[in-house]
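**Student:** Structure below; questions to follow.
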Number of protein chains: 4
Amino acid sequence: MVGQRFAVLLDNHPWFRVVALTGSDRSIGKSYGESCRWVLADPMPAYARSMIVQPTEPDGESVVAFSALPADLAREAEPKYARAGKGVCSNASAFRQEADVPILIPEVNPEHIEILEIQRKLRGWKGFIVTNPNCTSTGLTMVFRPLLDSFGIRRAIVVSMQALSGAGYPGVASLDILDNVLPNIGGGEEEKVESEPRKMLGTFDREKIVPASFALSAHTNRVAVSDGHLVCVSVELGRRASPQEVSAAIEGFQSPQEVLGLPSAPAKAIEVRDEEDRPQPRKDRNAGKGMAAVVGRIRADPVLDVKFVVLAHNTIRGAAGGALLNAEFLAAKKYLPQ
Amino acid sequence: MVGQRFAVLLDNHPWFRVVALTGSDRSIGKSYGESCRWVLADPMPAYARSMIVQPTEPDGESVVAFSALPADLAREAEPKYARAGKGVCSNASAFRQEADVPILIPEVNPEHIEILEIQRKLRGWKGFIVTNPNCTSTGLTMVFRPLLDSFGIRRAIVVSMQALSGAGYPGVASLDILDNVLPNIGGGEEEKVESEPRKMLGTFDREKIVPASFALSAHTNRVAVSDGHLVCVSVELGRRASPQEVSAAIEGFQSPQEVLGLPSAPAKAIEVRDEEDRPQPRKDRNAGKGMAAVVGRIRADPVLDVKFVVLAHNTIRGAAGGALLNAEFLAAKKYLPQ
Amino acid sequence: MVGQRFAVLLDNHPWFRVVALTGSDRSIGKSYGESCRWVLADPMPAYARSMIVQPTEPDGESVVAFSALPADLAREAEPKYARAGKGVCSNASAFRQEADVPILIPEVNPEHIEILEIQRKLRGWKGFIVTNPNCTSTGLTMVFRPLLDSFGIRRAIVVSMQALSGAGYPGVASLDILDNVLPNIGGGEEEKVESEPRKMLGTFDREKIVPASFALSAHTNRVAVSDGHLVCVSVELGRRASPQEVSAAIEGFQSPQEVLGLPSAPAKAIEVRDEEDRPQPRKDRNAGKGMAAVVGRIRADPVLDVKFVVLAHNTIRGAAGGALLNAEFLAAKKYLPQ
Amino acid sequence: MVGQRFAVLLDNHPWFRVVALTGSDRSIGKSYGESCRWVLADPMPAYARSMIVQPTEPDGESVVAFSALPADLAREAEPKYARAGKGVCSNASAFRQEADVPILIPEVNPEHIEILEIQRKLRGWKGFIVTNPNCTSTGLTMVFRPLLDSFGIRRAIVVSMQALSGAGYPGVASLDILDNVLPNIGGGEEEKVESEPRKMLGTFDREKIVPASFALSAHTNRVAVSDGHLVCVSVELGRRASPQEVSAAIEGFQSPQEVLGLPSAPAKAIEVRDEEDRPQPRKDRNAGKGMAAVVGRIRADPVLDVKFVVLAHNTIRGAAGGALLNAEFLAAKKYLPQ
C-alpha cells in the first residue's frame, strides 16, 4: 500500500523523478505493471507500469531512496543505500529508535535533522537515514506540537481506530473485520505510539535528542475503514487551559516558513473543525491532499484537562507522503547528496 | 431495536407472558406483525405477530411494564404505569438521574432496589420505576464492580466503539458509516457514561444513593458493527495492582447467589479472555447469550495503572436483556405487585 | 445526494454559473450551508455555502434549471420552469415516459432532442424538459449503443448491484445493509430499467420516438457500496458475434464529434477492461471523472450470445453529471434560451 | 471455514462422533485448538479443542470421512480413504465431474447414490466418494427440482452475489471488498454453476447419469456479506406457467420421506417468502438451521418466463451441512461400511 502511494505521489513530482523501483525477489526483473497487484482506487501511474523492478541494491543515478520495506528487510537494506551516499527517507520502523536517526515531521521538529551530522560521523556514511513516524503517531504528534509549546503536556491517553490500509495488502482478512472491530493492531503498534511522539517532541542539544518527558498510553484498534486513522486523545497539560484556549493554540499553529513552500506541504498543517461530529475518516482524510491533520471535538476532560479527536491519512501523511515531505525538506536544506 | 429484542427475549419466558404490546400512535389498533418493521436477524416470535398494538395506557392484567420508549415519551408514560401499580422496568434514560430511581444491574448493585420504598412513599405510587443503564455504561460498570471492591478506583478514561443497533432503526444512515467512523454519538451519550456508572457503584445509606467518587471521562464513537459495544478503558486504581492481580480480581467476580438462579442471568457475568485480540464484537457479543461482559487485553497502563477492553451486547445486556433481568430479580425479591 | 453532486460539478464550470438554488420548504430562506446536511466526501463548494435557498419558482435570470426533485414534486414544478422559458434538465423520472420528452444521453441518442420542437408546440412552452435516464439504465444503454449498431439486439437480461447513494440520504439504513444485500430497490426501478434503454435506443421519425423492439428483463439489488452501479448483462444479438467482435465493437465506440468537445464529456465514453476482475465500483467508478461507462469480462453466454459486466457512477454519469452533460449539449446545439 | 463448520455441526451429533481430525502438514501433531485459527462467531466446540491433528491417512476406527480439502489435495487423498473402506463425503470439487461419482442433494437426486455400485466395481473400492455440489449450485438446484418436475426447464440465466466465507480464510482481503463488489469469483466458479445443477437434475439409467439438457449461464460476484449466497434467476420453462403456478410448485415441494427424518434435514427444504424484499442474506441464511433454501420475488420475466431470487447458507447447506446430510442419508440407506 505504501509503495503504491509512493508511486502515485511521485508521478509528475516537480523536484523528483523515479529512476529505479525495487521490490521482493519474485518481482525483480519483471515490469512493475506486471509484478504489482495494484490496490489503490487511483490508477497506477503510466511511468511506473513499464519500469523493470530492480534488485534492492543502490544504483548510480539515484539521490534519494524511499523505503516502504518491512522492518527486518529495512534493517539490512537501508544502510547499504546510506553507505552508498543515498539519502534514505524511510517509512520503516527499523531505525526509528536509534539515537542518531531522526523521526522527522518537518512542521514539528525540523531542527532534528542536524543530528545527521552525528549519524554520518558515527556510521561513516556519505548518505543518511531519516525516518517518518508510525502512521498513528503522525497526526497525534502534529497536534501535540502547539499544545506542548503553549501549555506543556504532562500526560496523555490515546485510543486509535485505525484503517485497513495500515496493515498493507492483503493485510486484514475481510472475514475478520466485517461487522467487527479488532482491539489490537499487533507488531508493537502501541509501543511505537507511546514512544515516537516523545522522541519527535524532544529537544536536540547538539549531541543527542532528549525525548519529551510526558507519559503516554495507547490503545490501538482496527476498524472497517479503508484510509484514515482516527485517534481519541485525553491530555493533561502543563498548565490549565480552557478548551477555547487549546482550540486557539491548535488553530494558530503555523508551519515553519521553510516548510510551507515545499511541494507536498499543506498550506495548513492542522485543520480544526467546529462541527460536533468531525473529523470523520471518509470526509476528512483528504484534507490538504491527505497531508493535513484534522482536529475536532475539543472539549474539557473530567479526568485530565482536555480531550479531542485527531485524524490523519495513514498512507499519505502517515507514510508515503510524510517520507516524501521529508525528502523535500532535506533537499531544501541542502542535505541531499548533490 | 430494543422493543424487538424484548419481543424475542420474552418468547417462551419461564416466568413472564406478554399480555399487551404498545407502540406509537400510528401502530395502535394494528397487529404487531403488520405495524412493525422487523429488523433483527432472528425471526419475529409467533406470539407477537398477531397481537394488537394497544394504546400506551396501563391495563388491568399486566404486572411488569417493559419500556423502550424514547426519553421524552418515557417521562410522561412511565409514571402512569407506576401509579397504576405496575413495576416499570425501563430502558429509557428519562428517570435514571432521579435520586429515588435506581439504575440497576443485579450483579452490581442489588441493594439499590431498597430505595424503591422511598420512591413509593415520595411519589405515592403503588408500582415503581427501575431503570437499567445506558448500553455503554453496562459492561463498563460490571467490570468496575470487582475493581472497586478489590482495589478502589480513582479515575478512568473510556473510549467506546459503539454498534449501529444502539441508534435504533432506521438510525444511522448507511452512507454515514460505510468506510467511516462517527466520532460522536450525540444525545448526551458521553454525559450518561460519565455519570451512570458512578451512581450504580455508589452506596445506599437507607436514605439515598451516594455516587462513587471517582472521576470518569468518556469519548463515544460509532463504528460499522451491528451489535456489541467495545470500550477501551484506562483506570487509576485506589491502590496499585499488577495486571495479573487485576485479571484475577475480575476473573474471580461471582454473581450474587440470588441472581445466579434467574432465568436470564449468565452463569458467568464477566468472562476474561487471554488472547491478544479479544474481545471482538462479532465473536464475543453472544457470550452468556448476550448477557455476559467480556474483558480482554488487561495490561499495565503507562499513564494510569491498568488498561483493558470490555465488550457487552448493547441491545441484550445493555438494553432489553438488562431490563428483563431486572424484572426477574425484582420478582425474586418479591417487589413485583402480586 | 444528486443535488450535492450538482453543486460540486457546477463549481467553476466554464459555461454555467449557479444563480439560484432551491430546496424543500423548510430550507427556503436559509443559507445552503446551514440548511443542507452535506454528505459527499468532497467538501461543499464555497460559492454554494452562502447562497440563500429560494422558493421553487422560476426567477428572471436563470437559463437552465437542473432538477433532482422527487418524481411527485418534479411533476408539478418542472412545467412551471419550462413554461417560464427555462431549459429544464431533469434527473427526475416524472416525465421520462411522456412521448414528447426525450431521455437523453448525448453519446447515444443526440438526435432525440429534435422532439423538443414538438414538445414546445404541443405544450405551448418557451422552455423545455429534457431528462436523463435512471442511474442503472445509463451505463447499460451506453454499452447497448455499439451492440445495437453492430449486431442488433434481440433480448437481454440484466442484474444490477446498486450503490447506496442511489437511494439518496438518509436512504438505506445501515442496519439493513451491513453484512447484507437487499434483493429489491423498489420505486419501480426494474420497470424503469426495462423501458428506458429501449426508448433511448429507439428511432426518431420526425414525429415520435419509436422504442427499440428488443426485450429486456431486470433484477435490481442494493449492495454495500457508496457509489457505482455494477450490472451483469446477458445479451442475445441480432446476429451471432464472438466475444472478440463484441469487444472490438464496444472498444471502437466513439462519441459523436459534437459531444467530444463538451466540458463534461469524457474523452472515451466507454472503457473496456481486459482484467478478469474488472470493472469494480471502488476502482472504476471515477473513470472519465465519473462520466465513462466501464465494461469488462466480455465472454460467450451459453444461453444467449454474450455476457459482460458494466459499471457507471450512479450520481455522476447516472444523475447530476448526465443532466449537466445534457445541458452542455443543448447549449452547444443552441437549444437553450438566449 | 468449511472445516470449522464441520467441527460445529458434528458437536453432539446424534449419529456421528468425531474420532480423528486431519489438517495441513504444519498442524499435524498439534492440538486442533492450538493449530487452528478459529474464525466462526460460534465458539470452537470443546471436544475439538484438545484433539491432536492426525496425518491425512485413513485410520482403523472411522467409518465416514468428511473432506473440505482443496481440489488438488482431495484428488490425492480421498481415494486413499475410499480404498480403505471409508465413505468419503466430500465438499471438494475434485471428483464432482467423474461419471461414477454422484453430486448429491438428498432432497433432489436421492436415486443417484445407486451409481456407487458402479463406482465400487469400477475402482475396486470398498468405500466410496460422494460429493455435495458447489455452494452456489446448491440452493439453485434445490429450487430447480420442483420447476423441472412441474414444468420442465429449457434454460436459465443466474447471477450470484456470494459471501466472503465461500473464499475460505484468509480469503478475500478486506481492502478488496470494502465499498466494493468483485465481479468474478475465479477458480472455475461459473463453469461449476453451469454444469453441476444439470448433472444433479439428470437421470440415472442404471448405468450412468445423463445430465439434464437445459442450458445454464452464470455470472458470479463477490459481495461484502459474511455468509449466504444470493442468486438472481431467470428461467425459461418447458411449458408456460404463471408466477403463481411457479410459486405453488415451489411451495408444494416436499422432501422425500426418507430424508425428512434425518438429523440435519430441514422440515421444509425450500421456504417461499412473499415480502417484496426477501430473501436477504442476514435475515434468511439461518432458515432451517442454515439447511433450507429460501426463495422470493417470484415474478414474470419479460425475456424468459419467470424470475426469482434464491438464498442458501453457503458453508452450511452449501458445504459442511450438505456433506453431513449426505452422510446421514447414506447411513440411513445402509451405504456406510458397518
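Note on naming: chains are A, B, ... as they come in the C-alpha cells, residues start from 1 per chain, ligands start from 1 in the order shown.
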Report the residues of region 110-333 of chain A whose backbone DSSP state falls under strand (DSSP E), written as a PyMOL selection string.
**Tutor:** chain A and resi 128-131+153-162+203-204+209-210+215-222+229-237+270-272+293-300+306-312
**Student:** Just want the 8 Å neighbourhood of Tyr32 (chain C), counted on only C-alpha atoms, with same-chain residues fewer than 6 positions away dropped. Output as a count of residues only.
**Tutor:** 7
**Student:** Region 13-18 of chain D: which residues within 10 Å, counting only C-alpha atoms, same-chain residues fewer than 6 positions away excluded, as a ChimeraX atom specification?
**Tutor:** /D:6-7,47-48,51,62-65,262-264,324,327-328,331
**Student:** Can you check which residues of chain D have any atom within 12 Å of chain B? Use only C-alpha atoms and format it as number ranges by chain.
**Tutor:** D: 34, 37-44, 174-175, 177-180, 224, 226, 275, 279-289
**Student:** Enumerate the residues of region 55-278 of chain D with a DSSP assignment of helix (DSSP H, G or I), computed from the backbone, and present them as a PyMOL selection string.
**Tutor:** chain D and resi 71-83+110-123+135-151+164-167+174-177+189-200+243-251+257-260
**Student:** Within 10 Å of Lys307 (chain B), counting only C-alpha atoms, which residues show up once you throw out same-chain ones fewer than 3 positions away? Write them as JSON, numbers by chain, please.
**Tutor:** {"A": [217, 218, 219], "B": [156, 157, 158, 232, 233, 234, 235, 236, 243, 246, 296, 297, 298, 299, 300, 301, 302, 303, 304]}
**Student:** For Pro45 (chain D), work out the shell of residues within 10 Å, counting only C-alpha atoms and skipping chain neighbours fewer than 6 positions away, then give it as a list in words.
**Tutor:**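 Using only C-alpha atoms, the neighbours found are Gln4, Ala7, Val8, Leu9, Leu10, Asp11, Asn12 and Gly33 of chain D.
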**Student:** Counting only C-alpha atoms, what is within 8 Å of region 191-195 of chain B, bar same-chain residues fewer than 5 positions away, as an mmCIF file with N, CA, C and O atoms, in the first residue's frame?
**Tutor:**
data_model
loop_
_atom_site.group_PDB
_atom_site.id
_atom_site.type_symbol
_atom_site.label_atom_id
_atom_site.label_comp_id
_atom_site.auth_asym_id
_atom_site.auth_seq_id
_atom_site.Cartn_x
_atom_site.Cartn_y
_atom_site.Cartn_z
ATOM 1 N N ASN B 134 -27.631 2.950 30.499
ATOM 2 C CA ASN B 134 -27.220 3.154 29.114
ATOM 3 C C ASN B 134 -26.353 1.982 28.658
ATOM 4 O O ASN B 134 -25.571 1.430 29.430
ATOM 5 N N THR B 136 -23.678 1.595 26.908
ATOM 6 C CA THR B 136 -22.225 1.648 27.046
ATOM 7 C C THR B 136 -21.805 1.572 28.510
ATOM 8 O O THR B 136 -20.750 1.019 28.845
ATOM 9 N N SER B 137 -22.612 2.112 29.400
ATOM 10 C CA SER B 137 -22.285 2.062 30.825
ATOM 11 C C SER B 137 -22.352 0.640 31.361
ATOM 12 O O SER B 137 -21.705 0.314 32.371
ATOM 13 N N ALA B 215 -13.510 9.907 39.202
ATOM 14 C CA ALA B 215 -13.762 10.722 38.011
ATOM 15 C C ALA B 215 -13.761 9.837 36.777
ATOM 16 O O ALA B 215 -13.029 8.844 36.709
ATOM 17 N N LEU B 216 -14.568 10.217 35.825
ATOM 18 C CA LEU B 216 -14.755 9.384 34.643
ATOM 19 C C LEU B 216 -14.843 10.300 33.425
ATOM 20 O O LEU B 216 -15.544 11.302 33.437
ATOM 21 N N SER B 217 -14.094 9.953 32.395
ATOM 22 C CA SER B 217 -14.150 10.715 31.148
ATOM 23 C C SER B 217 -14.456 9.765 29.996
ATOM 24 O O SER B 217 -13.847 8.697 29.899
ATOM 25 N N ALA B 218 -15.377 10.145 29.139
ATOM 26 C CA ALA B 218 -15.791 9.260 28.039
ATOM 27 C C ALA B 218 -15.676 9.943 26.683
ATOM 28 O O ALA B 218 -16.046 11.100 26.518
#
**Student:** Pick out the residues sitting within 8 Å of Phe214 (chain A), and hand them over as JSON, numbers by chain; count only C-alpha atoms, and ignore anything fewer than 2 positions along from it in its own chain.
**Tutor:** {"A": [153, 154, 155, 156, 198, 212, 216]}
**Student:** Quote the spacing between CA of Ala249 (chain C) and CA of Glu190 (chain C) in Å to one decimal place.
**Tutor:**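 Pair CA of Ala249 (chain C) / CA of Glu190 (chain C) returns 27.2 Å.
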